[in-house]
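K.L.:
One file: start.cif (mmCIF, C-alpha atoms and all ligand atoms).
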data_input
#
loop_
_atom_site.label_atom_id
_atom_site.label_comp_id
_atom_site.auth_asym_id
_atom_site.auth_seq_id
_atom_site.Cartn_x
_atom_site.Cartn_y
_atom_site.Cartn_z
CA MET A 1199 10.89 14.79 -1.32
CA LEU A 1200 8.24 15.17 -3.98
CA PRO A 1201 6.15 12.08 -4.73
CA ASP A 1202 6.82 10.32 -8.02
CA THR A 1203 3.55 11.43 -9.58
CA ILE A 1204 2.63 15.10 -9.86
CA ASN A 1205 -0.95 15.87 -10.86
CA LEU A 1206 -0.90 19.00 -12.96
CA HIS A 1207 -4.44 20.37 -13.05
CA PHE A 1208 -3.40 22.83 -15.70
CA THR A 1209 -6.83 23.89 -16.93
CA PRO A 1210 -10.08 24.50 -15.04
CA TYR A 1211 -12.16 24.31 -18.24
CA CYS A 1212 -14.23 21.29 -19.19
CA ASN A 1213 -16.48 20.12 -22.02
CA ALA A 1214 -18.81 18.38 -19.54
CA ARG A 1215 -20.64 19.56 -16.43
CA CYS A 1216 -20.61 16.74 -13.91
CA GLN A 1217 -22.61 17.90 -10.94
CA PHE A 1218 -20.36 16.21 -8.36
CA CYS A 1219 -17.13 17.47 -9.95
CA PHE A 1220 -14.50 18.21 -7.33
CA ALA A 1221 -12.05 19.79 -9.76
CA LYS A 1222 -13.93 22.84 -10.98
CA TYR A 1223 -11.27 25.31 -9.81
CA SER A 1224 -13.74 28.16 -10.36
CA GLU A 1225 -11.77 30.10 -7.73
CA VAL A 1226 -8.84 30.32 -10.16
CA GLN A 1227 -9.29 33.49 -12.16
CA SER A 1228 -6.32 33.25 -14.48
CA PRO A 1229 -4.86 29.87 -15.34
CA CYS A 1230 -1.13 29.67 -16.09
CA SER A 1231 0.09 30.36 -19.60
CA THR A 1232 1.65 27.57 -21.62
CA GLN A 1233 5.04 29.22 -21.13
CA SER A 1234 4.60 29.14 -17.33
CA LEU A 1235 3.45 25.53 -17.46
CA LYS A 1236 6.59 24.57 -19.36
CA LYS A 1237 8.70 26.28 -16.68
CA ILE A 1238 6.86 24.37 -13.96
CA ILE A 1239 7.46 21.12 -15.85
CA ASP A 1240 11.17 22.02 -16.08
CA LEU A 1241 11.25 22.57 -12.31
CA ILE A 1242 9.51 19.25 -11.67
CA ALA A 1243 12.02 17.45 -13.89
CA GLN A 1244 14.94 18.97 -11.96
CA GLU A 1245 13.75 17.53 -8.65
CA PRO A 1246 15.28 14.20 -7.62
CA ALA A 1247 12.95 11.23 -7.99
CA SER A 1248 12.93 7.93 -6.11
CA ASP A 1249 13.61 4.62 -7.81
CA GLN A 1250 10.75 5.19 -10.25
CA LEU A 1251 10.67 7.69 -13.08
CA ARG A 1252 8.77 10.82 -12.18
CA ARG A 1253 5.43 11.20 -13.95
CA VAL A 1254 3.43 14.30 -14.73
CA ASN A 1255 -0.27 13.54 -14.90
CA PHE A 1256 -2.12 16.15 -16.95
CA VAL A 1257 -5.51 16.71 -15.38
CA GLY A 1258 -8.23 19.33 -15.50
CA GLY A 1259 -10.98 20.29 -15.92
CA GLU A 1260 -10.60 18.42 -19.18
CA PRO A 1261 -7.02 18.34 -20.50
CA THR A 1262 -7.86 17.50 -24.11
CA ILE A 1263 -9.68 20.79 -24.73
CA HIS A 1264 -6.44 22.72 -24.06
CA LYS A 1265 -4.91 23.43 -27.45
CA ASP A 1266 -1.35 23.07 -26.15
CA LEU A 1267 -1.75 19.69 -24.45
CA PRO A 1268 0.29 17.79 -27.10
CA ALA A 1269 3.07 20.42 -26.86
CA LEU A 1270 3.09 20.16 -23.06
CA LEU A 1271 3.22 16.37 -23.18
CA THR A 1272 6.08 16.51 -25.67
CA HIS A 1273 7.90 19.04 -23.50
CA ALA A 1274 7.55 16.79 -20.45
CA LYS A 1275 8.86 13.80 -22.39
CA LEU A 1276 11.86 15.83 -23.60
CA CYS A 1277 12.56 16.67 -19.94
CA GLY A 1278 12.78 12.92 -19.22
CA LEU A 1279 9.42 12.62 -17.48
CA GLN A 1280 6.74 9.98 -17.85
CA THR A 1281 3.41 11.43 -18.98
CA SER A 1282 -0.23 10.62 -18.48
CA ILE A 1283 -3.61 12.22 -19.08
CA VAL A 1284 -6.84 11.84 -17.14
CA SER A 1285 -9.69 12.56 -19.52
CA ASN A 1286 -13.43 12.12 -19.84
CA GLY A 1287 -12.57 10.79 -23.31
CA LEU A 1288 -15.19 12.82 -25.15
CA GLU A 1289 -12.78 14.68 -27.44
CA MET A 1290 -10.85 11.48 -28.14
CA LEU A 1291 -14.12 9.76 -29.06
CA ILE A 1292 -15.33 12.62 -31.25
CA HIS A 1293 -11.95 13.33 -32.87
CA SER A 1294 -8.88 11.14 -32.39
CA ILE A 1295 -6.16 10.01 -30.04
CA GLU A 1296 -3.56 10.67 -32.71
CA PRO A 1297 -2.20 13.90 -31.07
CA TYR A 1298 -1.26 11.90 -27.95
CA ALA A 1299 0.50 8.95 -29.59
CA GLY A 1300 4.24 9.06 -29.04
CA CYS A 1301 4.14 11.62 -26.22
CA THR A 1302 1.81 9.90 -23.73
CA ASP A 1303 2.66 6.88 -21.62
CA MET A 1304 -0.77 6.38 -20.12
CA ILE A 1305 -4.34 7.56 -20.68
CA GLY A 1306 -6.77 7.41 -17.78
CA LEU A 1307 -10.38 7.45 -18.93
CA SER A 1308 -12.98 8.67 -16.45
CA ILE A 1309 -15.93 6.33 -16.95
CA ASP A 1310 -18.44 6.22 -14.12
CA SER A 1311 -21.21 4.34 -15.86
CA ILE A 1312 -22.32 2.89 -19.15
CA ALA A 1313 -26.02 3.49 -18.42
CA PRO A 1314 -27.13 6.45 -20.60
CA ASN A 1315 -29.61 7.80 -18.04
CA VAL A 1316 -26.95 7.79 -15.30
CA ILE A 1317 -24.39 9.53 -17.51
CA ALA A 1318 -26.93 12.15 -18.58
CA GLN A 1319 -28.20 12.81 -15.05
CA ALA A 1320 -24.68 13.17 -13.68
CA GLY A 1321 -23.78 15.57 -16.50
CA ARG A 1322 -20.92 13.58 -18.03
CA LEU A 1323 -21.99 14.28 -21.63
CA HIS A 1324 -20.57 16.68 -24.18
CA ARG A 1325 -21.87 20.06 -23.16
CA THR A 1326 -22.35 21.60 -26.60
CA SER A 1327 -23.19 18.64 -28.84
CA GLY A 1328 -24.96 16.48 -26.23
CA TYR A 1329 -22.84 13.51 -27.35
CA LEU A 1330 -23.00 10.65 -24.90
CA PRO A 1331 -20.76 7.63 -25.55
CA ASP A 1332 -22.10 4.08 -25.45
CA ARG A 1333 -20.39 0.82 -24.58
CA LEU A 1334 -19.21 0.17 -28.14
CA ASP A 1335 -17.71 3.67 -28.42
CA TRP A 1336 -15.64 3.02 -25.31
CA LEU A 1337 -14.51 -0.41 -26.49
CA ASN A 1338 -13.41 1.08 -29.83
CA LEU A 1339 -11.49 3.81 -28.04
CA ALA A 1340 -9.81 1.29 -25.75
CA GLY A 1341 -8.73 -0.67 -28.86
CA LYS A 1342 -7.16 2.45 -30.37
CA ILE A 1343 -5.32 3.22 -27.14
CA HIS A 1344 -3.98 -0.35 -26.95
CA ASN A 1345 -2.94 -0.21 -30.63
CA SER A 1346 -1.01 3.00 -29.95
CA SER A 1347 0.97 1.26 -27.19
CA ILE A 1348 -0.39 3.69 -24.61
CA LYS A 1349 -1.24 2.14 -21.25
CA LEU A 1350 -4.92 2.37 -20.34
CA LYS A 1351 -6.32 3.11 -16.92
CA ILE A 1352 -9.96 3.65 -16.02
CA ASN A 1353 -11.17 5.88 -13.20
CA THR A 1354 -14.66 5.50 -11.77
CA VAL A 1355 -16.30 7.72 -9.18
CA VAL A 1356 -18.95 5.84 -7.24
CA GLN A 1357 -21.88 8.02 -6.24
CA ARG A 1358 -25.59 7.83 -5.52
CA LEU A 1359 -26.65 7.06 -9.11
CA ASN A 1360 -24.15 4.36 -10.04
CA HIS A 1361 -23.32 2.55 -6.80
CA ASP A 1362 -25.58 -0.40 -7.72
CA GLU A 1363 -24.18 -0.85 -11.22
CA ASP A 1364 -22.30 -3.96 -12.35
CA MET A 1365 -19.33 -2.97 -14.51
CA ASN A 1366 -17.59 -6.37 -14.53
CA ASP A 1367 -18.13 -7.27 -18.20
CA PHE A 1368 -17.47 -3.77 -19.40
CA ILE A 1369 -14.21 -3.30 -17.50
CA ALA A 1370 -13.02 -6.78 -18.50
CA GLY A 1371 -13.73 -5.90 -22.15
CA MET A 1372 -11.75 -2.66 -21.92
CA THR A 1373 -8.68 -4.59 -20.57
CA PRO A 1374 -7.11 -1.67 -18.71
CA ARG A 1375 -3.89 -2.08 -16.74
CA GLN A 1376 -5.60 -0.52 -13.76
CA TRP A 1377 -9.10 0.37 -12.61
CA LYS A 1378 -9.25 3.00 -9.88
CA ILE A 1379 -12.50 3.16 -7.97
CA PHE A 1380 -13.14 6.34 -5.96
CA GLN A 1381 -15.83 7.16 -3.45
CA VAL A 1382 -17.38 10.52 -4.34
CA THR A 1383 -15.76 13.12 -2.10
CA LYS A 1384 -16.92 16.51 -0.91
CA ILE A 1385 -14.59 19.45 -1.40
CA ASP A 1386 -15.87 22.77 -0.15
CA GLY A 1387 -16.05 25.37 -2.86
CA GLN A 1388 -16.08 22.68 -5.59
CA ASN A 1389 -19.09 20.39 -5.09
CA ASP A 1390 -20.41 21.05 -1.57
CA ILE A 1391 -23.69 22.73 -2.52
CA ASP A 1392 -25.52 19.63 -3.81
CA PHE A 1393 -23.29 17.00 -2.28
CA GLN A 1394 -26.12 15.26 -0.40
CA LYS A 1395 -27.53 14.25 -3.79
CA TRP A 1396 -24.37 12.30 -4.63
CA LYS A 1397 -23.06 11.13 -1.29
CA ILE A 1398 -22.88 7.38 -0.54
CA ARG A 1399 -22.14 5.55 2.68
CA ARG A 1400 -18.84 3.74 3.16
CA GLU A 1401 -20.71 0.44 3.17
CA GLU A 1402 -22.24 1.21 -0.23
CA PHE A 1403 -18.79 2.00 -1.58
CA ASN A 1404 -17.36 -1.19 -0.15
CA ASN A 1405 -20.19 -3.22 -1.66
CA TYR A 1406 -19.41 -1.74 -5.06
CA CYS A 1407 -15.75 -2.70 -4.68
CA PHE A 1408 -16.67 -6.20 -3.54
CA ARG A 1409 -19.00 -6.71 -6.51
CA HIS A 1410 -16.02 -6.20 -8.80
CA ARG A 1411 -13.43 -8.12 -6.78
CA ASN A 1412 -12.89 -10.87 -9.36
CA LEU A 1413 -11.49 -8.52 -12.00
CA VAL A 1414 -8.07 -8.90 -10.40
CA LYS A 1415 -8.11 -12.53 -11.56
CA GLN A 1416 -8.16 -11.21 -15.11
CA GLY A 1417 -4.90 -9.34 -14.59
CA ILE A 1418 -6.46 -5.94 -13.93
CA ARG A 1419 -5.02 -4.02 -10.99
CA VAL A 1420 -8.07 -2.78 -9.10
CA THR A 1421 -7.58 -0.11 -6.44
CA HIS A 1422 -10.17 1.49 -4.16
CA GLU A 1423 -9.96 4.93 -2.63
CA ASN A 1424 -12.49 6.01 -0.08
CA SER A 1425 -13.05 9.69 0.55
CA ASP A 1426 -10.67 9.78 3.56
CA LEU A 1427 -7.82 8.25 1.61
CA MET A 1428 -8.17 10.73 -1.23
CA LEU A 1429 -7.59 13.86 0.84
CA ASN A 1430 -3.99 15.03 1.02
CA SER A 1431 -2.48 11.96 -0.56
CA TYR A 1432 -1.97 13.45 -4.01
CA ALA A 1433 0.64 15.97 -5.10
CA ILE A 1434 -1.58 18.45 -6.92
CA ILE A 1435 -0.69 21.62 -8.78
CA GLY A 1436 -3.69 23.83 -9.51
CA PRO A 1437 -4.35 25.80 -12.72
CA ASN A 1438 -2.77 28.84 -11.00
CA GLY A 1439 0.62 27.09 -10.74
CA CYS A 1440 0.45 26.61 -6.94
CA PHE A 1441 0.45 23.35 -4.95
CA VAL A 1442 -3.00 22.48 -3.59
CA ASP A 1443 -3.60 21.48 0.03
CA ASN A 1444 -6.99 19.76 0.46
CA ALA A 1445 -6.44 18.30 3.96
CA SER A 1446 -9.27 20.33 5.41
CA GLY A 1447 -11.73 19.42 2.65
CA LYS A 1448 -11.23 22.61 0.66
CA HIS A 1449 -8.54 24.03 -1.60
CA LEU A 1450 -5.74 25.99 0.04
CA TYR A 1451 -2.79 27.06 -2.07
CA SER A 1452 0.95 27.44 -1.73
CA ARG A 1453 2.66 30.46 -3.21
CA PRO A 1454 3.23 30.17 -6.99
CA ILE A 1455 5.85 27.56 -7.89
CA GLU A 1456 7.29 29.78 -10.58
CA GLU A 1457 8.01 32.48 -7.98
CA VAL A 1458 9.30 30.52 -5.00
CA GLY A 1459 10.47 27.24 -6.56
CA ILE A 1460 9.24 23.69 -6.08
CA VAL A 1461 10.83 23.00 -2.70
CA GLU A 1462 9.48 26.08 -0.93
CA ALA A 1463 6.03 25.79 -2.46
CA TRP A 1464 5.84 22.08 -1.55
CA ALA A 1465 6.84 22.85 2.04
CA GLU A 1466 3.82 25.15 2.36
CA ILE A 1467 1.22 22.43 1.95
CA ARG A 1468 0.27 19.40 4.01
CA PHE A 1469 0.82 15.96 2.47
CA ASP A 1470 -0.04 12.68 4.15
CA SER A 1471 2.68 10.29 3.05
CA GLU A 1472 1.06 7.38 4.93
CA SER A 1473 -2.17 7.77 2.96
CA PHE A 1474 -0.08 8.10 -0.18
CA VAL A 1475 1.60 4.78 0.51
CA ALA A 1476 -1.67 3.12 1.53
CA ARG A 1477 -3.38 4.42 -1.59
CA ARG A 1478 -0.70 3.10 -3.92
CA GLY A 1479 0.23 -0.08 -2.16
CA LEU A 1480 -2.87 -1.43 -0.56
CA GLY A 1481 -5.63 0.13 -2.55
CA GLY A 1482 -8.30 0.95 -0.07
CA PRO A 1483 -10.59 -0.01 2.72
CA LYS A 1484 -9.38 -3.11 4.47
CA LYS A 1485 -10.27 -2.93 8.15
CA GLU A 1486 -13.68 -1.37 7.95
CA VAL A 1487 -14.87 -3.37 5.00
CA ALA A 1488 -18.48 -4.45 5.39
CA TYR A 1489 -18.83 -6.68 2.39
CA VAL A 1490 -22.25 -8.23 2.41
S1 LIG B 1501 -15.45 15.51 -16.77
FE1 LIG B 1501 -14.16 15.62 -14.93
S2 LIG B 1501 -13.45 17.74 -14.83
FE2 LIG B 1501 -15.17 17.71 -16.27
S3 LIG B 1501 -16.95 18.25 -15.04
FE3 LIG B 1501 -16.80 16.00 -15.08
S4 LIG B 1501 -15.63 15.44 -13.22
FE4 LIG B 1501 -15.29 17.65 -13.60
#
Show this structure as structure tokens.

P.N.:
Amino acid sequence: MLPDTINLHFTPYCNARCQFCFAKYSEVQSPCSTQSLKKIIDLIAQEPASDQLRRVNFVGGEPTIHKDLPALLTHAKLCGLQTSIVSNGLEMLIHSIEPYAGCTDMIGLSIDSIAPNVIAQAGRLHRTSGYLPDRLDWLNLAGKIHNSSIKLKINTVVQRLNHDEDMNDFIAGMTPRQWKIFQVTKIDGQNDIDFQKWKIRREEFNNYCFRHRNLVKQGIRVTHENSDLMLNSYAIIGPNGCFVDNASGKHLYSRPIEEVGIVEAWAEIRFDSESFVARRGLGGPKKEVAYV
């Protein structure tokens, strides 16, 4: 059975150039058309879900630079699906969140740091304008998201440049429902060339998580995903409309979903349901934690 959340990496294009990005999808020559994406969403909606509503998470690249994102979100909602976006937030900060109100259940903002030098060095700034958000920009955006009754989640990738940072006050001020903390992960063909520059030890990751442990007392669900837990525990559809298998630390693909259907395509990839459960239920490194 398909997991409840399907991550639809429907575009490989991005308005930033993060050097450690593991979702470049440069191997995908021709991303699916909007028409094909709608068919894939229809197929997802037809699959039985568990006790929870099925959710399509629109991911990239950067979803908000795709002109048809609002239409795709609306289509998914009309199919009875929950919807979410994972975004670097830059377009929402520069323009508006208005196109997503009413068709989006949750926005996940990727915010790795609020230190301008760290953001700039990592490449998480607007590629053409050079715009780099500050703390106040983010807090304003969070306020708009809350006022639109869209749930807010924050995703943070912990890497060499930000692993010492203290984000407690900032995250508390953003008041997200959830903060997901990821250890930077190597995927061959995506970010392997310079990975040594970004890599951190498990202990460094655990220390970061421990530094922020008290945020749960403020009602924020904090989850941690080390690089082992991230592989093969997500249901991912690539920009080519195929399921992605990353068990071996690189992207392998099923046949196209539109051609063979969801069930056959899903059967062609490996998925670790134990990691999936651990990731959602327990939120990260328990046994090997070396909190010091
Ligand atoms: S914003 Fe996200 S998708 Fe874009 S380059 Fe950075 S990590 Fe990759």

K.L.:
Could you give me the residues within 9 Å of ligand LIG 1501 (chain B), counting all atoms listed in the file, as a VMD selection string?

P.N.:
chain A and resid 1210 to 1222 1257 to 1261 1284 to 1288 1308 1320 to 1323 1355

K.L.:
Rank A:Gln1394, A:Asn1353, A:Ser1282, A:Ser1234 by their smallest atom-to-atom distance to Arg1419 of chain A, using only C-alpha atoms, and report the top residue only.

P.N.:
A:Asn1353

K.L.:
Using all atoms of segment 1340-1356 of chain A that appear in the file, construct an axis-aligned enclosing box with 6 Å of padding on every side and provide its centre coordinates and edge lengths in Å, rounded to one decimal, as lines of an AutoDock Vina configuration file.

P.N.:
center_x = -9.0
center_y = 3.5
center_z = -18.9
size_x = 31.9
size_y = 20.4
size_z = 35.4

K.L.:
Name the residues in contact with Gly1341 of chain A at a cut-off of 12 Å, using all atoms listed in the file, excluding same-chain residues fewer than 3 positions from it; report them as a PyMOL selection string.

P.N.:
chain A and resi 1291+1295+1334-1338+1344-1350+1371-1374

K.L.:
Between atom CA of Asn1404 of chain A and atom CA of Gln1381 of chain A, what is the distance, to one decimal in Å?

P.N.:
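Computed distance, atom CA of Asn1404 of chain A to atom CA of Gln1381 of chain A, equals 9.1 Å.
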
K.L.:
Give the answer as one residue: which of A:Ser1327, A:Asn1255, A:Gln1388, A:Ser1231 has the shortest atom-to-atom distance to Met1304 of chain A, using only C-alpha atoms?

P.N.:
A:Asn1255

K.L.:
Nearest to Ile1434 of chain A among A:His1449, A:His1207, A:Lys1384, A:Arg1325, with distances taken over only C-alpha atoms: which residue is it?

P.N.:
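Among the listed residues, A:His1207 lies closest to Ile1434 of chain A.
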
K.L.:
Which residue is closest to Glu1245 of chain A? Choose from A:Ile1435, A:Ile1460, A:Ile1263, A:Leu1427 and count only C-alpha atoms.

P.N.:
A:Ile1460

K.L.:
For the point (-21.1, 6.1, -19.1) in the file's frame, write as a ChimeraX atom specification all residues with an atom no more than 8 Å away, counting only C-alpha atoms.

P.N.:
/A:1309-1314,1316-1317,1322,1330-1333

K.L.:
If I put a ball of radius 10 Å at (-15.8, -2.3, -13.7) in the file's coordinates, which residues poke into it when counting all atoms listed in the file, written as JSON, numbers by chain?

P.N.:
{"A": [1309, 1310, 1311, 1312, 1352, 1353, 1354, 1363, 1364, 1365, 1366, 1367, 1368, 1369, 1370, 1371, 1372, 1377, 1378, 1379, 1406, 1407, 1409, 1410, 1411, 1413, 1420]}

K.L.:
Suppose you want the space between atom CA of Val1226 of chain A and atom CA of Ile1204 of chain A; what is it in Å?

P.N.:
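If I compute the distance from atom CA of Val1226 of chain A to atom CA of Ile1204 of chain A, I get 19.1 Å.
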
K.L.:
Could you tell me how far atom CA of Lys1448 of chain A sits from atom CA of Phe1403 of chain A, in Å to one decimal place?

P.N.:
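Atom-to-atom, atom CA of Phe1403 of chain A and atom CA of Lys1448 of chain A are spaced 22.1 Å apart.
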
K.L.:
Using all atoms listed in the file, pick whichever of A:Arg1252, A:Arg1375, A:Arg1358, A:His1264 has the shortest atom-to-atom distance to Glu1402 of chain A.

P.N.:
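With all atoms listed in the file as the atom set, the closest residue is A:Arg1358.
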
K.L.:
Which of these residues is nearest to Pro1297 of chain A, using all atoms listed in the file: A:Cys1277, A:Ala1340, A:Leu1267, A:Leu1251?

P.N.:
A:Leu1267

K.L.:
Please provide the set of residues having any atom within 8 Å of segment 1268-1271 of chain A, restricted to only C-alpha atoms, with same-chain residues fewer than 3 positions apart removed, written as a VMD selection string.

P.N.:
chain A and resid 1232 1235 to 1236 1265 1274 to 1275 1281 1297 to 1298 1301 to 1302

K.L.:
With a distance cut-off of 10 Å and only C-alpha atoms, select the neighbouring residues of Ile1398 of chain A, excluding the residue or stretch itself and same-chain residues fewer than 5 positions from it, and output the selection as a PDB file with C-alpha atoms, in the coordinates of the input.

P.N.:
ATOM      1  CA  VAL A1356     -18.950   5.840  -7.240  1.00  0.00           C
ATOM      2  CA  GLN A1357     -21.880   8.020  -6.240  1.00  0.00           C
ATOM      3  CA  ARG A1358     -25.590   7.830  -5.520  1.00  0.00           C
ATOM      4  CA  LEU A1359     -26.650   7.060  -9.110  1.00  0.00           C
ATOM      5  CA  HIS A1361     -23.320   2.550  -6.800  1.00  0.00           C
ATOM      6  CA  GLN A1381     -15.830   7.160  -3.450  1.00  0.00           C
ATOM      7  CA  VAL A1382     -17.380  10.520  -4.340  1.00  0.00           C
ATOM      8  CA  THR A1383     -15.760  13.120  -2.100  1.00  0.00           C
ATOM      9  CA  PHE A1393     -23.290  17.000  -2.280  1.00  0.00           C
ATOM     10  CA  PHE A1403     -18.790   2.000  -1.580  1.00  0.00           C
TER      11      PHE A1403
END

K.L.:
Please fill the gaps in segment 1230-1258 of chain A so it has N, CA and C atoms, and write that as a PDB file, keeping the file's coordinate frame.

P.N.:
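Saved to rebuild-v6.pdb:
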ATOM      1  N   CYS A1230      -2.498  29.438 -15.591  1.00  0.00           N
ATOM      2  CA  CYS A1230      -1.130  29.670 -16.090  1.00  0.00           C
ATOM      3  C   CYS A1230      -1.078  29.637 -17.612  1.00  0.00           C
ATOM      4  N   SER A1231      -0.172  30.415 -18.158  1.00  0.00           N
ATOM      5  CA  SER A1231       0.090  30.360 -19.600  1.00  0.00           C
ATOM      6  C   SER A1231       0.850  29.075 -19.921  1.00  0.00           C
ATOM      7  N   THR A1232       0.887  28.750 -21.197  1.00  0.00           N
ATOM      8  CA  THR A1232       1.650  27.570 -21.620  1.00  0.00           C
ATOM      9  C   THR A1232       3.131  27.739 -21.282  1.00  0.00           C
ATOM     10  N   GLN A1233       3.626  28.956 -21.448  1.00  0.00           N
ATOM     11  CA  GLN A1233       5.040  29.220 -21.130  1.00  0.00           C
ATOM     12  C   GLN A1233       5.317  28.924 -19.644  1.00  0.00           C
ATOM     13  N   SER A1234       4.424  29.404 -18.772  1.00  0.00           N
ATOM     14  CA  SER A1234       4.600  29.140 -17.330  1.00  0.00           C
ATOM     15  C   SER A1234       4.512  27.649 -17.034  1.00  0.00           C
ATOM     16  N   LEU A1235       3.587  26.971 -17.698  1.00  0.00           N
ATOM     17  CA  LEU A1235       3.450  25.530 -17.460  1.00  0.00           C
ATOM     18  C   LEU A1235       4.722  24.794 -17.849  1.00  0.00           C
ATOM     19  N   LYS A1236       5.334  25.213 -18.952  1.00  0.00           N
ATOM     20  CA  LYS A1236       6.590  24.570 -19.360  1.00  0.00           C
ATOM     21  C   LYS A1236       7.677  24.807 -18.311  1.00  0.00           C
ATOM     22  N   LYS A1237       7.687  26.011 -17.727  1.00  0.00           N
ATOM     23  CA  LYS A1237       8.700  26.280 -16.680  1.00  0.00           C
ATOM     24  C   LYS A1237       8.441  25.393 -15.459  1.00  0.00           C
ATOM     25  N   ILE A1238       7.186  25.239 -15.111  1.00  0.00           N
ATOM     26  CA  ILE A1238       6.860  24.370 -13.960  1.00  0.00           C
ATOM     27  C   ILE A1238       7.278  22.931 -14.250  1.00  0.00           C
ATOM     28  N   ILE A1239       7.038  22.482 -15.474  1.00  0.00           N
ATOM     29  CA  ILE A1239       7.460  21.120 -15.850  1.00  0.00           C
ATOM     30  C   ILE A1239       8.981  21.001 -15.753  1.00  0.00           C
ATOM     31  N   ASP A1240       9.692  22.036 -16.200  1.00  0.00           N
ATOM     32  CA  ASP A1240      11.170  22.020 -16.080  1.00  0.00           C
ATOM     33  C   ASP A1240      11.572  21.863 -14.615  1.00  0.00           C
ATOM     34  N   LEU A1241      10.911  22.617 -13.738  1.00  0.00           N
ATOM     35  CA  LEU A1241      11.250  22.570 -12.310  1.00  0.00           C
ATOM     36  C   LEU A1241      10.957  21.185 -11.723  1.00  0.00           C
ATOM     37  N   ILE A1242       9.845  20.601 -12.150  1.00  0.00           N
ATOM     38  CA  ILE A1242       9.510  19.250 -11.670  1.00  0.00           C
ATOM     39  C   ILE A1242      10.609  18.267 -12.096  1.00  0.00           C
ATOM     40  N   ALA A1243      11.026  18.389 -13.352  1.00  0.00           N
ATOM     41  CA  ALA A1243      12.020  17.450 -13.890  1.00  0.00           C
ATOM     42  C   ALA A1243      13.364  17.575 -13.176  1.00  0.00           C
ATOM     43  N   GLN A1244      13.643  18.771 -12.631  1.00  0.00           N
ATOM     44  CA  GLN A1244      14.940  18.970 -11.960  1.00  0.00           C
ATOM     45  C   GLN A1244      14.971  18.378 -10.550  1.00  0.00           C
ATOM     46  N   GLU A1245      13.796  18.091 -10.002  1.00  0.00           N
ATOM     47  CA  GLU A1245      13.750  17.530  -8.650  1.00  0.00           C
ATOM     48  C   GLU A1245      14.135  16.057  -8.649  1.00  0.00           C
ATOM     49  N   PRO A1246      14.919  15.623  -7.648  1.00  0.00           N
ATOM     50  CA  PRO A1246      15.280  14.200  -7.620  1.00  0.00           C
ATOM     51  C   PRO A1246      14.040  13.313  -7.440  1.00  0.00           C
ATOM     52  N   ALA A1247      14.052  12.189  -8.120  1.00  0.00           N
ATOM     53  CA  ALA A1247      12.950  11.230  -7.990  1.00  0.00           C
ATOM     54  C   ALA A1247      13.440  10.015  -7.223  1.00  0.00           C
ATOM     55  N   SER A1248      12.522   9.153  -6.811  1.00  0.00           N
ATOM     56  CA  SER A1248      12.930   7.930  -6.110  1.00  0.00           C
ATOM     57  C   SER A1248      13.379   6.911  -7.148  1.00  0.00           C
ATOM     58  N   ASP A1249      13.146   5.644  -6.877  1.00  0.00           N
ATOM     59  CA  ASP A1249      13.610   4.620  -7.810  1.00  0.00           C
ATOM     60  C   ASP A1249      12.783   4.598  -9.098  1.00  0.00           C
ATOM     61  N   GLN A1250      11.588   5.197  -9.046  1.00  0.00           N
ATOM     62  CA  GLN A1250      10.750   5.190 -10.250  1.00  0.00           C
ATOM     63  C   GLN A1250      10.948   6.486 -11.026  1.00  0.00           C
ATOM     64  N   LEU A1251      10.629   6.457 -12.298  1.00  0.00           N
ATOM     65  CA  LEU A1251      10.670   7.690 -13.080  1.00  0.00           C
ATOM     66  C   LEU A1251       9.550   8.612 -12.616  1.00  0.00           C
ATOM     67  N   ARG A1252       9.826   9.887 -12.576  1.00  0.00           N
ATOM     68  CA  ARG A1252       8.770  10.820 -12.180  1.00  0.00           C
ATOM     69  C   ARG A1252       7.760  10.976 -13.331  1.00  0.00           C
ATOM     70  N   ARG A1253       6.490  11.085 -12.941  1.00  0.00           N
ATOM     71  CA  ARG A1253       5.430  11.200 -13.950  1.00  0.00           C
ATOM     72  C   ARG A1253       4.635  12.475 -13.723  1.00  0.00           C
ATOM     73  N   VAL A1254       4.357  13.176 -14.804  1.00  0.00           N
ATOM     74  CA  VAL A1254       3.430  14.300 -14.730  1.00  0.00           C
ATOM     75  C   VAL A1254       2.109  13.839 -15.314  1.00  0.00           C
ATOM     76  N   ASN A1255       1.073  13.957 -14.504  1.00  0.00           N
ATOM     77  CA  ASN A1255      -0.270  13.540 -14.900  1.00  0.00           C
ATOM     78  C   ASN A1255      -1.045  14.809 -15.248  1.00  0.00           C
ATOM     79  N   PHE A1256      -1.415  14.945 -16.509  1.00  0.00           N
ATOM     80  CA  PHE A1256      -2.120  16.150 -16.950  1.00  0.00           C
ATOM     81  C   PHE A1256      -3.615  15.975 -16.706  1.00  0.00           C
ATOM     82  N   VAL A1257      -4.138  16.837 -15.846  1.00  0.00           N
ATOM     83  CA  VAL A1257      -5.510  16.710 -15.380  1.00  0.00           C
ATOM     84  C   VAL A1257      -6.196  18.061 -15.517  1.00  0.00           C
ATOM     85  N   GLY A1258      -7.512  18.049 -15.397  1.00  0.00           N
ATOM     86  CA  GLY A1258      -8.230  19.330 -15.500  1.00  0.00           C
ATOM     87  C   GLY A1258      -9.139  19.533 -14.315  1.00  0.00           C
TER      88      GLY A1258
END
